[in-house]
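Taking it in order: structure first as structure tokens, then the write-up.
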Amino acid sequence: MDPQLDPMKDDLPLMANTSYMLVKHYVLDLDVDFKSKVIEGSIVLFFETGSQHRKTSSTGRECCQSEFDQSHKMRASEPCHIPVTNVSACSSEMKYNGFAVSGEGEEDTSDENGNHSNSEQTSGISSSEDCCDRENHGNEDFVLVLDCCDLSVLKVEEVDVAAVSGIEQFTRPAKLTDVSKELGNLRNHIVHELVALPAKRWEEQLCCFTHCSQAPGCGELPFATGPWSLEIRKPGIGTPADFPHAIRIWYKTNPGGRSVAWTTDQSGRPCVYTMGSPINNRALFPCQEPPIALSTWQASVRAAAGFVVLMSGENSAEPVQLSEDVLSWYYYVSMPMPASTFTIAVGCWQEVKQQSFTAALPTNTEFSLPSVQADFSWHEAMCGHVGYPCRFQNPAVSWQAVIPHRVFSPCCLVELCEERLLPLIPQCLSAAFSTLGTHPFSRLDVLIVPSNFSSLGMASPHIIFLSQSVLPGGNHLCGTRLCHEVAHAWFGLAIGARDWTEEWISEGFATFLEDVFWARAQQQLSHEEVKGQQQLKALLRWRRLRDEVQNSEEELQVLRPNKESTGELSESGASVVKYGLKAEKIFMQVHYLKGYFLLRSLARTAGEASFLLSLRKFVRKFHGQLVLSQDFLYMLLEDIPKQKKSGLTVESIFQNWLDTSGIPKLLPDQLVLLLESLLEEKTLCPRTLQCLERTYQLREQDAEVRHRWCELVIKHKYVPGYGDVERFLREDQAMGVYLYGELMVNEDAKQQELARKCFASAQEHMDASSAKVVAEMLF
């Protein structure tokens, strides 16, 4: 383990050495067994050499440090039978070179019974003393480290991609001028050429990955498993550039693994799904967890007939019947994403059939933005992400307000979903499109997950999980939660945080946009009704944030806990997610709420229309990329002159909002805006007013703030604040005339008595004009 990595029990270690080798594509081939509660099969990983060693070959001196420690044990391969894969991706209709797997070059390591042996490669790496350190020792093996836990790894082998018939297009002599003729380097060169194919050839690339993943093995690789990692080496290979760039791992999950939940749905039928574990997907398949490891994937999943497999995939999979009792489902994605976003749900789900809904674009002119045609002009700029078939560059989908969508649920909830959920989806998708433009993903499945789901919702590429709790009692909770999860398509998925500790980039933005989308989805509401609804929501969130701040550890209230070190990695690429495993953090909402209030504050300063245009521009610039807080803040401050005039800087936002615990200290103008919004509420209870005064120390603020405070006191007849009103009328006569009228209008005897008392004591010192106006109000 790198010296700088010292994860405490509450920190989540990201062990993968992504600086040396980076996964570009996963091919999963899995069987789901509900009797044993195990998912078993293989995964093929295709790599490119990482940034640290992209130009290093077998003659280089650079190498990685092993993460093995004394607790790791070298594993010999265990017997394993893997069913024949059904690959529905490469049908005869695709006609991609007619690839077929050849047996040439295969080194058969199985015995007469078909069991695999690693007898010639069982010498392992027993401790960190044996790790790779080429600079000091000159002859140690490179060790590939993957994130992995709660898995039984059965076998690891190099994949002989050179044995695939038709692969010659990637091995032309002209491409091998700087590459050794040695077969291992030839295989790596093939993988390099394959992952480097341009985006316009993505379908061909996907088909090539399929065939290469079925190529025979050409030698088993020694491996070791630890609490958080799987470590693999090839004897005699000392650099990442020479390490196999296509490896196959045979494994099975643990019934108690923490990445998936085996349970029953609301109809009592068995199911399994990824429930958003703090450890993400490392207990589902070996992977590279750091966000920087953006990859594509494809998966063939087999389950018993009667079960439906849903997954984060671009295609709406149709099952292929392999036998009377087994169906196979195939999904893929062509947009590189972190492995943590991979999602699967297998159960007896029933599709809620689509009715004839018509989704009109919102017509509330108060919230109107530039048309999609104006938005289309931004397509001219090249995207900043790595190459993939990007929807933002596709004119054919730039006008698509509602993407294709399906709804699934347990059979007992189908009618409720048809009534409550299904009609809302087009409205929410249209509202999101009118706000941010092109949908980043081509389709959407929505699944009502089992009642043990610990959240109201979770968004992944192409699929949203919703709790059954959003269905009863009208459409408000269902609609707002759906809007929140839809917002994650842009913030959290298409744009991800480069450092996982900056959760607010995902959750704060989704919470803010939830209100915007929901307002536009409710086309029948007037601007005044929308504004009142949002202000009430802000007040409720404020109270939740205040309560959470008062009852949680200060260290968990910081939105950027790594401060100036945010986004930094160790030399190998490994890191830790601070407090990533802390139990109470899972249920905290500070990243949602504090992030929401930061964005609300910025929107008020800039003006909502300008702020939303900036969000749209940010999406255009950074989709398909990983960002840090400053990427957004610098763009916003440069984009909107009002922000500069307000005195806001990135540094002040860090200091007041992101790098400190508690509720930010608001500027006087921000306090005035907050109090003015609260003045529009019909009722505020005394406890809320008491907390408001104590939190912001309103009695110590300037006259503008205290004037609004006195208005709140008068409107809601908050007797403990009458002393503040009396003081204001006595000491701030230049601004207090209006308050006399407020005290009299309410026709409250105590307030009228207070007005007359204050006027009597101040009349002698008031100027004649003011005294005359007040007297007319009082008598």
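We name chains A, B, ... following the order of the structure tokens; residues begin at 1 in each chain, and ligands are numbered from 1 as shown.
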
Spatial neighbours of Val386 (chain A), max dist 10 Å, only C-alpha atoms, sep filter under 3 positions, as a PyMOL selection string: chain A and resi 198-199+294+335-336+383+389-390+624-625

Tell me which protein, DNA and RNA residues are within 7 Å of Phe307 (chain A), counting only C-alpha atoms, leaving out same-chain ones fewer than 6 positions away, and put them as a VMD selection string. chain A and resid 346 to 348

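Between CA of Ala521 (chain A) and CA of Gln400 (chain A) lies a distance of 16.1 Å.
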
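Atom pair CA of Lys35 (chain A) / CA of Arg282 (chain A) has a distance of 22.3 Å (rounded to one decimal).
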
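Every protein, DNA or RNA residue with an atom at most 8 Å from Gln205 (chain A), where only C-alpha atoms count and chain neighbours fewer than 6 positions away do not, is listed here: Leu194, Val195 and Leu197 of chain A.
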
From A:Trp504, A:Tyr388, A:Phe597, A:Phe142, residue lying nearest Leu539 (chain A) [only C-alpha atoms]: A:Phe597

Please compute the CA of Ala494 (chain A)-CA of Cys428 (chain A) distance, one decimal, in Å. 17.9 Å

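Closest approach to Ala538 (chain A) among A:Gln524, A:Ser277, A:Ser677, A:Gln214 is made by A:Ser677 (distances from only C-alpha atoms).
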
Please report, as a ChimeraX atom specification, each residue of region 213-258 of chain A to which DSSP assigns strand (DSSP E or B) when run on this structure's backbone. /A:217-220,223-225,229-233,246-253

Leaving out Asn315 (chain A) and any residue of its chain fewer than 2 positions from it, which residues lie within 7 Å of it when counting only C-alpha atoms, given as number ranges by chain? A: 313, 317, 331-332

Taking only C-alpha atoms into account, name the residue in A:Ile448, A:Met744, A:Ala510, A:Leu673 that is nearest to Ser267 (chain A). A:Ile448

Neighbours of Lys252 (chain A) within 6 Å (only C-alpha atoms; same-chain residues fewer than 4 positions away dropped), as an NGL selection string? :A and (39-40 or 152)

How about saving the chosen residues, N, CA and C atoms kept, as a PDB file, in the first residue's frame?
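Output contents, as saved in result_29.pdb:
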```pdb
ATOM      1  N   ILE A  39     -24.156 -14.971  -7.774  1.00  0.00           N
ATOM      2  CA  ILE A  39     -23.960 -14.602  -9.171  1.00  0.00           C
ATOM      3  C   ILE A  39     -22.578 -15.099  -9.559  1.00  0.00           C
ATOM      4  N   GLU A  40     -22.502 -15.930 -10.596  1.00  0.00           N
ATOM      5  CA  GLU A  40     -21.252 -16.604 -10.929  1.00  0.00           C
ATOM      6  C   GLU A  40     -20.983 -16.508 -12.411  1.00  0.00           C
ATOM      7  N   SER A 152     -15.397 -14.550  -4.363  1.00  0.00           N
ATOM      8  CA  SER A 152     -14.541 -15.727  -4.464  1.00  0.00           C
ATOM      9  C   SER A 152     -13.964 -15.756  -5.874  1.00  0.00           C
TER      10      SER A 152
END
```

Quick one: residues within 8 Å of Arg616 (chain A), only C-alpha atoms counted, chain neighbours fewer than 6 positions away excluded, as a ChimeraX atom specification? /A:435-437

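Of the residues listed (A:Met275, A:Met635, A:Leu678, A:Met735), A:Leu678 shows the shortest atom-to-atom separation from Leu536 (chain A); distances use only C-alpha atoms.
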
Which residues come within 6 Å of region 229-231 of chain A, counting only C-alpha atoms, excluding same-chain residues fewer than 4 positions away, as an mmCIF file with N, CA and C atoms, in the first residue's frame?
```cif
data_model
loop_
_atom_site.group_PDB
_atom_site.id
_atom_site.type_symbol
_atom_site.label_atom_id
_atom_site.label_comp_id
_atom_site.auth_asym_id
_atom_site.auth_seq_id
_atom_site.Cartn_x
_atom_site.Cartn_y
_atom_site.Cartn_z
ATOM 1 N N LEU A 144 -0.869 -5.793 -10.908
ATOM 2 C CA LEU A 144 -2.121 -5.095 -11.213
ATOM 3 C C LEU A 144 -3.037 -5.195 -10.002
ATOM 4 N N VAL A 145 -3.553 -4.067 -9.548
ATOM 5 C CA VAL A 145 -4.430 -4.040 -8.382
ATOM 6 C C VAL A 145 -5.825 -3.606 -8.814
ATOM 7 N N LEU A 146 -6.813 -4.417 -8.464
ATOM 8 C CA LEU A 146 -8.215 -4.096 -8.731
ATOM 9 C C LEU A 146 -8.964 -3.977 -7.412
ATOM 10 N N ASP A 147 -10.031 -3.199 -7.414
ATOM 11 C CA ASP A 147 -10.894 -3.107 -6.238
ATOM 12 C C ASP A 147 -11.786 -4.340 -6.194
ATOM 13 N N CYS A 148 -11.849 -4.982 -5.031
ATOM 14 C CA CYS A 148 -12.561 -6.243 -4.934
ATOM 15 C C CYS A 148 -12.767 -6.580 -3.466
ATOM 16 N N PHE A 223 -2.602 -14.772 -8.545
ATOM 17 C CA PHE A 223 -3.364 -13.674 -7.970
ATOM 18 C C PHE A 223 -3.460 -13.837 -6.461
ATOM 19 N N ALA A 224 -3.788 -12.760 -5.803
ATOM 20 C CA ALA A 224 -3.992 -12.769 -4.358
ATOM 21 C C ALA A 224 -5.157 -11.853 -4.044
ATOM 22 N N THR A 225 -5.945 -12.227 -3.059
ATOM 23 C CA THR A 225 -7.073 -11.402 -2.633
ATOM 24 C C THR A 225 -6.852 -10.901 -1.221
#
```

Which of region 162-243 of chain A fall in helix (DSSP H, G or I), as a PyMOL selection string: chain A and resi 162-163+167-170+173-176+183-195+199-213+240-242

Could the residues in this selection be written to a file with C-alpha atoms, as a tab-separated table (two decimals), in the first residue's frame?
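So selection.tsv came out as:
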```
chain	number	residue	atom	x	y	z
A	162	ALA	CA	-4.61	-12.82	-31.31
A	163	ALA	CA	-6.47	-16.12	-31.76
A	167	ILE	CA	-8.40	-9.71	-36.03
A	168	GLU	CA	-5.72	-9.08	-38.67
A	169	GLN	CA	-7.03	-5.56	-39.26
A	170	PHE	CA	-5.45	-4.61	-35.94
A	173	PRO	CA	2.82	-4.65	-40.19
A	174	ALA	CA	2.77	-0.88	-40.58
A	175	LYS	CA	1.36	-0.64	-37.08
A	176	LEU	CA	4.05	-2.81	-35.56
A	183	LEU	CA	3.21	-12.65	-29.03
A	184	GLY	CA	2.43	-10.95	-25.72
A	185	ASN	CA	3.16	-7.52	-27.13
A	186	LEU	CA	1.17	-8.39	-30.24
A	187	ARG	CA	-1.87	-9.15	-28.06
A	188	ASN	CA	-1.42	-5.85	-26.22
A	189	HIS	CA	-1.09	-4.02	-29.51
A	190	ILE	CA	-4.36	-5.54	-30.71
A	191	VAL	CA	-6.13	-4.38	-27.54
A	192	HIS	CA	-4.59	-0.91	-27.90
A	193	GLU	CA	-5.85	-0.60	-31.46
A	194	LEU	CA	-9.26	-1.90	-30.45
A	195	VAL	CA	-9.81	0.55	-27.59
A	199	ALA	CA	-16.44	6.82	-31.86
A	200	LYS	CA	-18.12	6.43	-35.25
A	201	ARG	CA	-17.01	2.77	-35.26
A	202	TRP	CA	-18.48	1.99	-31.84
A	203	GLU	CA	-20.72	-0.82	-33.09
A	204	GLU	CA	-17.80	-2.56	-34.76
A	205	GLN	CA	-15.74	-2.03	-31.62
A	206	LEU	CA	-18.46	-3.56	-29.45
A	207	CYS	CA	-18.64	-6.60	-31.69
A	208	CYS	CA	-14.84	-6.98	-31.58
A	209	PHE	CA	-14.91	-6.82	-27.78
A	210	THR	CA	-17.52	-9.58	-27.80
A	211	HIS	CA	-15.41	-11.91	-29.94
A	212	CYS	CA	-12.18	-11.11	-28.14
A	213	SER	CA	-13.85	-11.82	-24.80
A	240	PRO	CA	2.51	-2.14	-17.06
A	241	ALA	CA	3.22	-1.78	-20.79
A	242	ASP	CA	4.20	-5.46	-20.99
```
